[in-house]
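Visitor: Input file: target.cif. Contents: mmCIF, C-alpha atoms, pLDDT in the B column; chains and numbers go by the auth columns.
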```
data_entry
loop_
_atom_site.group_PDB
_atom_site.id
_atom_site.type_symbol
_atom_site.label_atom_id
_atom_site.label_comp_id
_atom_site.label_asym_id
_atom_site.label_seq_id
_atom_site.Cartn_x
_atom_site.Cartn_y
_atom_site.Cartn_z
_atom_site.B_iso_or_equiv
_atom_site.auth_seq_id
_atom_site.auth_asym_id
ATOM 1 C CA MET A 1 0.000 0.000 0.000 43.00 11 A
ATOM 2 C CA GLN A 2 1.838 3.055 -1.304 51.00 12 A
ATOM 3 C CA ASN A 3 -0.601 5.728 -0.165 57.00 13 A
ATOM 4 C CA LEU A 4 -1.298 4.662 3.409 56.00 14 A
ATOM 5 C CA ASP A 5 -2.103 8.153 4.726 65.00 15 A
ATOM 6 C CA TYR A 6 -4.604 8.828 1.951 59.00 16 A
ATOM 7 C CA ASP A 7 -6.242 5.428 2.424 71.00 17 A
ATOM 8 C CA LEU A 8 -6.561 5.958 6.164 81.00 18 A
ATOM 9 C CA ASN A 9 -8.084 9.398 5.645 87.00 19 A
ATOM 10 C CA MET A 10 -10.400 8.336 2.820 89.00 20 A
ATOM 11 C CA PRO A 11 -13.565 8.285 5.013 92.00 21 A
ATOM 12 C CA VAL A 12 -12.839 11.824 6.218 93.00 22 A
ATOM 13 C CA HIS A 13 -12.182 13.243 2.736 93.00 23 A
ATOM 14 C CA LEU A 14 -15.254 11.475 1.367 94.00 24 A
ATOM 15 C CA ALA A 15 -17.464 12.889 4.113 95.00 25 A
ATOM 16 C CA ARG A 16 -16.099 16.397 3.623 95.00 26 A
ATOM 17 C CA ARG A 17 -16.447 16.250 -0.156 95.00 27 A
ATOM 18 C CA GLU A 18 -20.089 15.194 0.238 95.00 28 A
ATOM 19 C CA MET A 19 -20.927 17.765 2.910 95.00 29 A
ATOM 20 C CA PHE A 20 -19.364 20.689 1.047 95.00 30 A
ATOM 21 C CA PHE A 21 -21.061 19.725 -2.215 96.00 31 A
ATOM 22 C CA ASP A 22 -24.442 19.288 -0.513 95.00 32 A
ATOM 23 C CA GLN A 23 -24.155 22.784 0.972 93.00 33 A
ATOM 24 C CA ALA A 24 -23.364 24.223 -2.462 94.00 34 A
ATOM 25 C CA LEU A 25 -26.393 22.453 -3.937 94.00 35 A
ATOM 26 C CA LYS A 26 -28.695 23.991 -1.343 92.00 36 A
ATOM 27 C CA ILE A 27 -27.719 27.414 -2.648 92.00 37 A
ATOM 28 C CA LEU A 28 -27.749 26.528 -6.343 92.00 38 A
ATOM 29 C CA ASN A 29 -31.109 24.742 -6.182 91.00 39 A
ATOM 30 C CA ALA A 30 -32.791 27.736 -4.579 88.00 40 A
ATOM 31 C CA GLN A 31 -34.920 30.119 -6.584 84.00 41 A
ATOM 32 C CA ILE A 32 -32.692 32.894 -7.890 87.00 42 A
ATOM 33 C CA SER A 33 -33.714 36.479 -7.128 86.00 43 A
ATOM 34 C CA LEU A 34 -32.524 39.386 -9.252 86.00 44 A
ATOM 35 C CA SER A 35 -34.126 41.994 -6.994 86.00 45 A
ATOM 36 C CA ASP A 36 -31.118 42.056 -4.635 87.00 46 A
ATOM 37 C CA LEU A 37 -27.878 41.467 -6.538 84.00 47 A
ATOM 38 C CA ASP A 38 -25.757 42.182 -3.446 84.00 48 A
ATOM 39 C CA ALA A 39 -27.421 39.270 -1.631 87.00 49 A
ATOM 40 C CA LEU A 40 -27.009 37.107 -4.737 90.00 50 A
ATOM 41 C CA THR A 41 -23.307 37.986 -4.868 88.00 51 A
ATOM 42 C CA LEU A 42 -22.840 36.830 -1.285 87.00 52 A
ATOM 43 C CA ASN A 43 -24.654 33.555 -2.046 89.00 53 A
ATOM 44 C CA VAL A 44 -22.386 33.013 -5.049 91.00 54 A
ATOM 45 C CA VAL A 45 -19.306 33.606 -2.888 89.00 55 A
ATOM 46 C CA VAL A 46 -20.492 31.090 -0.283 89.00 56 A
ATOM 47 C CA ALA A 47 -21.383 28.497 -2.943 93.00 57 A
ATOM 48 C CA LEU A 48 -17.970 29.012 -4.551 92.00 58 A
ATOM 49 C CA TYR A 49 -16.304 28.372 -1.199 90.00 59 A
ATOM 50 C CA PHE A 50 -18.252 25.108 -0.844 93.00 60 A
ATOM 51 C CA LEU A 51 -17.435 23.914 -4.374 94.00 61 A
ATOM 52 C CA LYS A 52 -13.766 24.827 -4.008 92.00 62 A
ATOM 53 C CA SER A 53 -13.595 22.901 -0.720 93.00 63 A
ATOM 54 C CA ALA A 54 -15.425 19.895 -2.205 95.00 64 A
ATOM 55 C CA GLY A 55 -12.929 19.871 -5.069 94.00 65 A
ATOM 56 C CA GLU A 56 -9.946 19.919 -2.708 93.00 66 A
ATOM 57 C CA HIS A 57 -11.181 16.821 -0.871 93.00 67 A
ATOM 58 C CA ALA A 58 -12.097 15.146 -4.173 93.00 68 A
ATOM 59 C CA HIS A 59 -8.475 15.554 -5.299 91.00 69 A
ATOM 60 C CA LEU A 60 -7.219 14.024 -2.051 91.00 70 A
ATOM 61 C CA LEU A 61 -9.470 11.002 -2.614 88.00 71 A
ATOM 62 C CA LEU A 62 -7.720 10.389 -5.947 84.00 72 A
ATOM 63 C CA LYS A 63 -4.387 9.925 -4.182 84.00 73 A
ATOM 64 C CA ARG A 64 -5.435 6.769 -2.358 76.00 74 A
ATOM 65 C CA ASP A 65 -4.716 3.285 -3.663 71.00 75 A
ATOM 66 C CA ASN A 66 -7.254 2.059 -6.221 72.00 76 A
ATOM 67 C CA PRO A 67 -9.411 5.176 -6.595 72.00 77 A
ATOM 68 C CA GLU A 68 -12.771 4.806 -8.340 75.00 78 A
ATOM 69 C CA SER A 69 -13.145 5.988 -11.954 77.00 79 A
ATOM 70 C CA ASN A 70 -16.143 8.022 -10.811 84.00 80 A
ATOM 71 C CA ASP A 71 -13.859 9.934 -8.424 88.00 81 A
ATOM 72 C CA GLU A 72 -12.152 11.580 -11.379 89.00 82 A
ATOM 73 C CA ALA A 73 -15.427 12.189 -13.208 91.00 83 A
ATOM 74 C CA GLY A 74 -16.666 13.988 -10.101 92.00 84 A
ATOM 75 C CA ILE A 75 -13.599 16.222 -10.140 93.00 85 A
ATOM 76 C CA VAL A 76 -14.212 17.188 -13.771 93.00 86 A
ATOM 77 C CA PHE A 77 -17.790 18.180 -12.980 95.00 87 A
ATOM 78 C CA LEU A 78 -16.841 20.032 -9.774 95.00 88 A
ATOM 79 C CA ARG A 79 -14.173 21.979 -11.659 94.00 89 A
ATOM 80 C CA ASN A 80 -16.643 23.009 -14.340 95.00 90 A
ATOM 81 C CA MET A 81 -19.258 24.077 -11.813 96.00 91 A
ATOM 82 C CA ARG A 82 -16.657 26.074 -9.902 94.00 92 A
ATOM 83 C CA ASN A 83 -15.469 27.870 -13.031 93.00 93 A
ATOM 84 C CA GLU A 84 -19.029 28.747 -14.081 94.00 94 A
ATOM 85 C CA LEU A 85 -19.695 30.087 -10.599 94.00 95 A
ATOM 86 C CA LEU A 86 -16.487 32.094 -10.693 92.00 96 A
ATOM 87 C CA ALA A 87 -17.573 33.604 -14.032 93.00 97 A
ATOM 88 C CA LEU A 88 -20.856 34.609 -12.408 93.00 98 A
ATOM 89 C CA LEU A 89 -19.014 36.209 -9.492 91.00 99 A
ATOM 90 C CA ILE A 90 -16.792 38.207 -11.867 88.00 100 A
ATOM 91 C CA LEU A 91 -19.900 39.379 -13.742 87.00 101 A
ATOM 92 C CA LEU A 92 -21.586 40.510 -10.531 87.00 102 A
ATOM 93 C CA ASN A 93 -18.467 42.253 -9.268 82.00 103 A
ATOM 94 C CA SER A 94 -18.070 44.183 -12.531 77.00 104 A
ATOM 95 C CA ARG A 95 -21.536 45.597 -11.969 72.00 105 A
ATOM 96 C CA ILE A 96 -20.625 46.622 -8.435 66.00 106 A
ATOM 97 C CA SER A 97 -17.400 48.341 -9.507 63.00 107 A
ATOM 98 C CA LEU A 98 -19.209 50.395 -12.166 63.00 108 A
ATOM 99 C CA GLU A 99 -21.968 51.467 -9.831 63.00 109 A
ATOM 100 C CA LYS A 100 -19.653 52.396 -6.992 63.00 110 A
ATOM 101 C CA ARG A 101 -17.439 54.614 -9.178 62.00 111 A
ATOM 102 C CA HIS A 102 -20.013 55.951 -11.610 59.00 112 A
ATOM 103 C CA ASP A 103 -18.771 59.472 -10.859 65.00 113 A
ATOM 104 C CA LEU A 104 -15.450 58.579 -12.514 67.00 114 A
ATOM 105 C CA VAL A 105 -16.678 56.562 -15.479 58.00 115 A
ATOM 106 C CA GLU A 106 -19.982 58.311 -16.263 63.00 116 A
ATOM 107 C CA PRO A 107 -18.440 61.060 -18.467 62.00 117 A
ATOM 108 C CA PHE A 108 -16.944 58.438 -20.759 63.00 118 A
ATOM 109 C CA PHE A 109 -20.385 56.959 -21.431 60.00 119 A
ATOM 110 C CA GLY A 110 -21.909 60.205 -22.634 62.00 120 A
ATOM 111 C CA GLY A 111 -23.557 61.037 -19.328 58.00 121 A
ATOM 112 C CA ALA A 112 -25.311 57.681 -18.947 57.00 122 A
ATOM 113 C CA THR A 113 -26.636 56.883 -15.501 58.00 123 A
ATOM 114 C CA ALA A 114 -25.096 54.272 -13.251 53.00 124 A
ATOM 115 C CA SER A 115 -28.071 52.017 -13.958 54.00 125 A
ATOM 116 C CA ASP A 116 -27.468 52.332 -17.695 60.00 126 A
ATOM 117 C CA LEU A 117 -23.766 51.607 -17.243 52.00 127 A
ATOM 118 C CA ALA A 118 -24.570 48.300 -15.605 52.00 128 A
ATOM 119 C CA HIS A 119 -26.695 47.288 -18.618 66.00 129 A
ATOM 120 C CA GLU A 120 -29.206 45.867 -16.185 73.00 130 A
ATOM 121 C CA LYS A 121 -31.363 43.943 -18.626 77.00 131 A
ATOM 122 C CA GLN A 122 -28.403 42.276 -20.332 81.00 132 A
ATOM 123 C CA LEU A 123 -26.806 41.618 -16.967 82.00 133 A
ATOM 124 C CA HIS A 124 -29.915 39.833 -15.696 86.00 134 A
ATOM 125 C CA THR A 125 -30.053 37.713 -18.846 88.00 135 A
ATOM 126 C CA MET A 126 -26.422 36.614 -18.451 90.00 136 A
ATOM 127 C CA ILE A 127 -26.910 35.861 -14.753 91.00 137 A
ATOM 128 C CA LEU A 128 -29.924 33.661 -15.495 92.00 138 A
ATOM 129 C CA LEU A 129 -28.080 31.822 -18.281 93.00 139 A
ATOM 130 C CA LEU A 130 -25.122 31.061 -16.011 93.00 140 A
ATOM 131 C CA TRP A 131 -27.437 29.994 -13.182 94.00 141 A
ATOM 132 C CA GLU A 132 -29.327 27.654 -15.525 93.00 142 A
ATOM 133 C CA LYS A 133 -26.049 26.125 -16.678 94.00 143 A
ATOM 134 C CA LEU A 134 -25.000 25.563 -13.066 94.00 144 A
ATOM 135 C CA GLN A 135 -28.289 23.832 -12.327 93.00 145 A
ATOM 136 C CA PHE A 136 -27.861 21.739 -15.489 94.00 146 A
ATOM 137 C CA LEU A 137 -24.391 20.643 -14.327 95.00 147 A
ATOM 138 C CA ALA A 138 -25.601 19.901 -10.809 95.00 148 A
ATOM 139 C CA LYS A 139 -27.327 16.605 -11.650 94.00 149 A
ATOM 140 C CA PRO A 140 -24.471 14.819 -13.487 95.00 150 A
ATOM 141 C CA THR A 141 -22.085 16.099 -10.822 96.00 151 A
ATOM 142 C CA ALA A 142 -24.277 14.715 -8.045 96.00 152 A
ATOM 143 C CA ASP A 143 -24.694 11.417 -9.927 96.00 153 A
ATOM 144 C CA ALA A 144 -20.922 10.987 -10.380 95.00 154 A
ATOM 145 C CA LEU A 145 -20.234 11.794 -6.729 95.00 155 A
ATOM 146 C CA LEU A 146 -23.000 9.460 -5.563 95.00 156 A
ATOM 147 C CA ALA A 147 -21.592 6.578 -7.637 94.00 157 A
ATOM 148 C CA SER A 148 -18.154 7.292 -6.189 92.00 158 A
ATOM 149 C CA LYS A 149 -19.580 7.424 -2.649 93.00 159 A
ATOM 150 C CA LYS A 150 -21.471 4.133 -2.992 93.00 160 A
ATOM 151 C CA ALA A 151 -18.371 2.304 -4.204 91.00 161 A
ATOM 152 C CA ALA A 152 -16.220 3.802 -1.443 90.00 162 A
ATOM 153 C CA ILE A 153 -18.696 2.990 1.345 91.00 163 A
ATOM 154 C CA LYS A 154 -19.097 -0.555 0.037 90.00 164 A
ATOM 155 C CA ALA A 155 -15.352 -1.064 0.491 87.00 165 A
ATOM 156 C CA MET A 156 -15.252 0.492 3.981 90.00 166 A
ATOM 157 C CA THR A 157 -14.707 -1.408 7.179 91.00 167 A
ATOM 158 C CA ARG A 158 -17.001 -0.821 10.147 93.00 168 A
ATOM 159 C CA GLY A 159 -14.392 1.487 11.629 93.00 169 A
ATOM 160 C CA ASP A 160 -14.165 3.454 8.372 92.00 170 A
ATOM 161 C CA LYS A 161 -17.939 3.946 8.340 94.00 171 A
ATOM 162 C CA GLU A 162 -17.871 5.235 11.902 94.00 172 A
ATOM 163 C CA ARG A 163 -15.124 7.719 10.978 94.00 173 A
ATOM 164 C CA TYR A 164 -17.129 8.790 7.931 94.00 174 A
ATOM 165 C CA LEU A 165 -20.180 9.569 10.070 95.00 175 A
ATOM 166 C CA ARG A 166 -18.124 11.405 12.707 94.00 176 A
ATOM 167 C CA ALA A 167 -16.441 13.515 10.034 94.00 177 A
ATOM 168 C CA ALA A 168 -19.779 14.349 8.363 93.00 178 A
ATOM 169 C CA ASN A 169 -21.456 15.317 11.643 93.00 179 A
ATOM 170 C CA GLY A 170 -18.448 17.338 12.792 93.00 180 A
ATOM 171 C CA LEU A 171 -18.252 19.305 9.555 90.00 181 A
ATOM 172 C CA LYS A 172 -22.008 19.922 9.587 90.00 182 A
ATOM 173 C CA LYS A 173 -21.753 21.601 12.997 89.00 183 A
ATOM 174 C CA HIS A 174 -18.686 23.576 11.907 88.00 184 A
ATOM 175 C CA LEU A 175 -20.421 24.898 8.787 85.00 185 A
ATOM 176 C CA GLN A 176 -23.501 25.915 10.754 84.00 186 A
ATOM 177 C CA LEU A 177 -21.270 28.169 12.849 82.00 187 A
ATOM 178 C CA LYS A 178 -19.311 29.409 9.841 79.00 188 A
ATOM 179 C CA LEU A 179 -22.451 30.395 7.937 80.00 189 A
ATOM 180 C CA LYS A 180 -23.417 32.753 10.732 78.00 190 A
ATOM 181 C CA ASN A 181 -20.605 35.015 9.493 75.00 191 A
ATOM 182 C CA PRO A 182 -20.533 34.706 5.676 70.00 192 A
ATOM 183 C CA ASP A 183 -18.198 37.712 5.355 70.00 193 A
ATOM 184 C CA VAL A 184 -15.394 35.469 6.634 69.00 194 A
ATOM 185 C CA ILE A 185 -16.092 33.086 3.754 72.00 195 A
ATOM 186 C CA ARG A 186 -16.086 36.054 1.351 68.00 196 A
ATOM 187 C CA ASP A 187 -12.605 37.071 2.527 69.00 197 A
ATOM 188 C CA GLN A 188 -11.295 33.501 2.190 67.00 198 A
ATOM 189 C CA ILE A 189 -12.621 33.163 -1.350 66.00 199 A
ATOM 190 C CA PHE A 190 -11.253 36.476 -2.583 61.00 200 A
ATOM 191 C CA SER A 191 -7.821 35.733 -1.109 60.00 201 A
ATOM 192 C CA SER A 192 -7.689 32.316 -2.797 58.00 202 A
ATOM 193 C CA ILE A 193 -9.156 33.108 -6.240 53.00 203 A
ATOM 194 C CA ARG A 194 -5.715 33.900 -7.630 46.00 204 A
ATOM 195 C CA GLU A 195 -4.564 30.399 -6.638 50.00 205 A
ATOM 196 C CA MET A 196 -7.329 28.605 -8.532 51.00 206 A
ATOM 197 C CA LYS A 197 -6.469 26.483 -11.549 48.00 207 A
ATOM 198 C CA TYR A 198 -8.767 26.295 -14.555 41.00 208 A
ATOM 199 C CA GLU A 199 -7.452 23.263 -16.403 42.00 209 A
#
```
What do you get writing this file as structure tokens?

Guide:
Amino acid sequence: MQNLDYDLNMPVHLARREMFFDQALKILNAQISLSDLDALTLNVVVALYFLKSAGEHAHLLLKRDNPESNDEAGIVFLRNMRNELLALLILLNSRISLEKRHDLVEPFFGGATASDLAHEKQLHTMILLLWEKLQFLAKPTADALLASKKAAIKAMTRGDKERYLRAANGLKKHLQLKLKNPDVIRDQIFSSIREMKYE
């Protein structure tokens, strides 16, 4: 066994991958509201944090001996969902930057208002298209991760299953506390965006 540490920690990484992805799905499956784009931006940041974290644990699962083929498929889907969500965040932030500094940029748009500068109608259309694509990707991603989870749990010992449940319950409590202060998640995401890979 060449990857003993990764094999021993497999139940923990599996539980964390599942918990982080489930939290992201709760946000992405919700009805989108365009009436408060600041609130939507915060939801996108939190969902991005969850998908990024799920992807990190998915990569660690690949390092164990005899990983499942569905493990890698799950990573491909998670990466695509994360990149689409990042594109949505960039789109929302461009709107914020224009509106906040409309006094500087307004003269260059022939006196257009801040609302005009944001191209609100087009912006809403692009947001909805990206959100629909994320929801489209959610099902095959969930299916790949579920297939990977079933195979992994089938191969677990009783002790592994107990560790899996402890890790899942522990992370659930941790995230409940973390979500009470989403600005902390926002800071973590913005500081790590430059480290993301888009392969």

Visitor: From the set A:Gln33, A:Ala25, A:Ile195, A:Asp153, which residue has the shortest atom-to-atom contact distance to A:Tyr174, counting all atoms listed in the file?

Guide: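 Nearest candidate to A:Tyr174 out of A:Gln33, A:Ala25, A:Ile195, A:Asp153: A:Ala25.
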
Visitor: Check the smallest atom-to-atom distance from each of A:Leu24, A:Ala49, A:Ala165, A:Leu44 to A:Ala178 using only C-alpha atoms, then report the winner.

Guide: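 Comparing A:Leu24, A:Ala49, A:Ala165, A:Leu44 against A:Ala178, the winner is A:Leu24.
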
Visitor: Given the file shown, determine the residues that the PyMOL selection byres ((chain A and resi 171) around 12) selects; report them as a CSV table (one decimal) with C-alpha atoms, in the coordinates of the input.

Guide:
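Output file out.csv is given in full below:
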```csv
chain,number,residue,atom,x,y,z
A,18,LEU,CA,-6.6,6.0,6.2
A,19,ASN,CA,-8.1,9.4,5.6
A,20,MET,CA,-10.4,8.3,2.8
A,21,PRO,CA,-13.6,8.3,5.0
A,22,VAL,CA,-12.8,11.8,6.2
A,24,LEU,CA,-15.3,11.5,1.4
A,25,ALA,CA,-17.5,12.9,4.1
A,159,LYS,CA,-19.6,7.4,-2.6
A,160,LYS,CA,-21.5,4.1,-3.0
A,162,ALA,CA,-16.2,3.8,-1.4
A,163,ILE,CA,-18.7,3.0,1.3
A,164,LYS,CA,-19.1,-0.6,0.0
A,165,ALA,CA,-15.4,-1.1,0.5
A,166,MET,CA,-15.3,0.5,4.0
A,167,THR,CA,-14.7,-1.4,7.2
A,168,ARG,CA,-17.0,-0.8,10.1
A,169,GLY,CA,-14.4,1.5,11.6
A,170,ASP,CA,-14.2,3.5,8.4
A,172,GLU,CA,-17.9,5.2,11.9
A,173,ARG,CA,-15.1,7.7,11.0
A,174,TYR,CA,-17.1,8.8,7.9
A,175,LEU,CA,-20.2,9.6,10.1
A,176,ARG,CA,-18.1,11.4,12.7
A,177,ALA,CA,-16.4,13.5,10.0
A,178,ALA,CA,-19.8,14.3,8.4
```

Visitor: Between atom CA of A:Ser158 and atom CA of A:Tyr59, what is the spacing in Å?

Guide: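 The value is 21.7 Å.
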
Visitor: If the PyMOL selection byres ((chain A and resi 63-71) around 9) were run on this exact file, what residues would it hold? Put them as a PDB file with C-alpha atoms, in the frame of the given file.

Guide:
```pdb
ATOM      1  CA  TYR A  16      -4.604   8.828   1.951  1.00 59.00           C
ATOM      2  CA  ASP A  17      -6.242   5.428   2.424  1.00 71.00           C
ATOM      3  CA  ASN A  19      -8.084   9.398   5.645  1.00 87.00           C
ATOM      4  CA  MET A  20     -10.400   8.336   2.820  1.00 89.00           C
ATOM      5  CA  VAL A  22     -12.839  11.824   6.218  1.00 93.00           C
ATOM      6  CA  HIS A  23     -12.182  13.243   2.736  1.00 93.00           C
ATOM      7  CA  LEU A  24     -15.254  11.475   1.367  1.00 94.00           C
ATOM      8  CA  ALA A  25     -17.464  12.889   4.113  1.00 95.00           C
ATOM      9  CA  ARG A  26     -16.099  16.397   3.623  1.00 95.00           C
ATOM     10  CA  ARG A  27     -16.447  16.250  -0.156  1.00 95.00           C
ATOM     11  CA  GLU A  28     -20.089  15.194   0.238  1.00 95.00           C
ATOM     12  CA  MET A  29     -20.927  17.765   2.910  1.00 95.00           C
ATOM     13  CA  PHE A  30     -19.364  20.689   1.047  1.00 95.00           C
ATOM     14  CA  PHE A  31     -21.061  19.725  -2.215  1.00 96.00           C
ATOM     15  CA  LEU A  58     -17.970  29.012  -4.551  1.00 92.00           C
ATOM     16  CA  TYR A  59     -16.304  28.372  -1.199  1.00 90.00           C
ATOM     17  CA  PHE A  60     -18.252  25.108  -0.844  1.00 93.00           C
ATOM     18  CA  LEU A  61     -17.435  23.914  -4.374  1.00 94.00           C
ATOM     19  CA  LYS A  62     -13.766  24.827  -4.008  1.00 92.00           C
ATOM     20  CA  LEU A  72      -7.720  10.389  -5.947  1.00 84.00           C
ATOM     21  CA  LYS A  73      -4.387   9.925  -4.182  1.00 84.00           C
ATOM     22  CA  ARG A  74      -5.435   6.769  -2.358  1.00 76.00           C
ATOM     23  CA  PRO A  77      -9.411   5.176  -6.595  1.00 72.00           C
ATOM     24  CA  ASP A  81     -13.859   9.934  -8.424  1.00 88.00           C
ATOM     25  CA  GLU A  82     -12.152  11.580 -11.379  1.00 89.00           C
ATOM     26  CA  GLY A  84     -16.666  13.988 -10.101  1.00 92.00           C
ATOM     27  CA  ILE A  85     -13.599  16.222 -10.140  1.00 93.00           C
ATOM     28  CA  LEU A  88     -16.841  20.032  -9.774  1.00 95.00           C
ATOM     29  CA  ARG A  89     -14.173  21.979 -11.659  1.00 94.00           C
ATOM     30  CA  ARG A  92     -16.657  26.074  -9.902  1.00 94.00           C
TER      31      ARG A  92
END
```

Visitor: Using only C-alpha atoms, pick whichever of A:Asn179, A:Gln132, A:Gln145, A:Asn93 has the shortest atom-to-atom distance to A:Leu38.

Guide: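 Ranking A:Asn179, A:Gln132, A:Gln145, A:Asn93 by distance to A:Leu38, first place goes to A:Gln145.
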
Visitor: How would you write, as number ranges by chain, the residues chosen by the PyMOL selection byres ((chain A and resi 101) around 12) on this structure?

Guide: A: 47, 50-51, 54, 94-100, 102-108, 128-130, 132-138, 140

Visitor: Would you mind reading off the distance between atom CA of A:Lys131 and atom CA of A:Met91, one decimal, in Å?

Guide: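 Result for atom CA of A:Lys131 versus atom CA of A:Met91: 24.2 Å, one decimal.
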
Visitor: For atom CA of A:Pro192 and atom CA of A:Leu52, determine how far apart the two atoms are, in Å to one decimal place.

Guide: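 A separation of 7.6 Å between them.
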
Visitor: Which of these residues is nearest to A:Leu156, using all atoms listed in the file: A:Gln41, A:Asn80, A:His184, A:Leu144?

Guide: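 So, comparing all the options, the nearest one is A:Asn80.
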
Visitor: Name the closest residue to A:Pro150 among the candidates A:Asn76, A:Asn53, A:Ser43, A:Asn90; distances are taken between atoms, counting all atoms listed in the file.

Guide: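 Counting all atoms listed in the file, the residue closest to A:Pro150 is A:Asn90.
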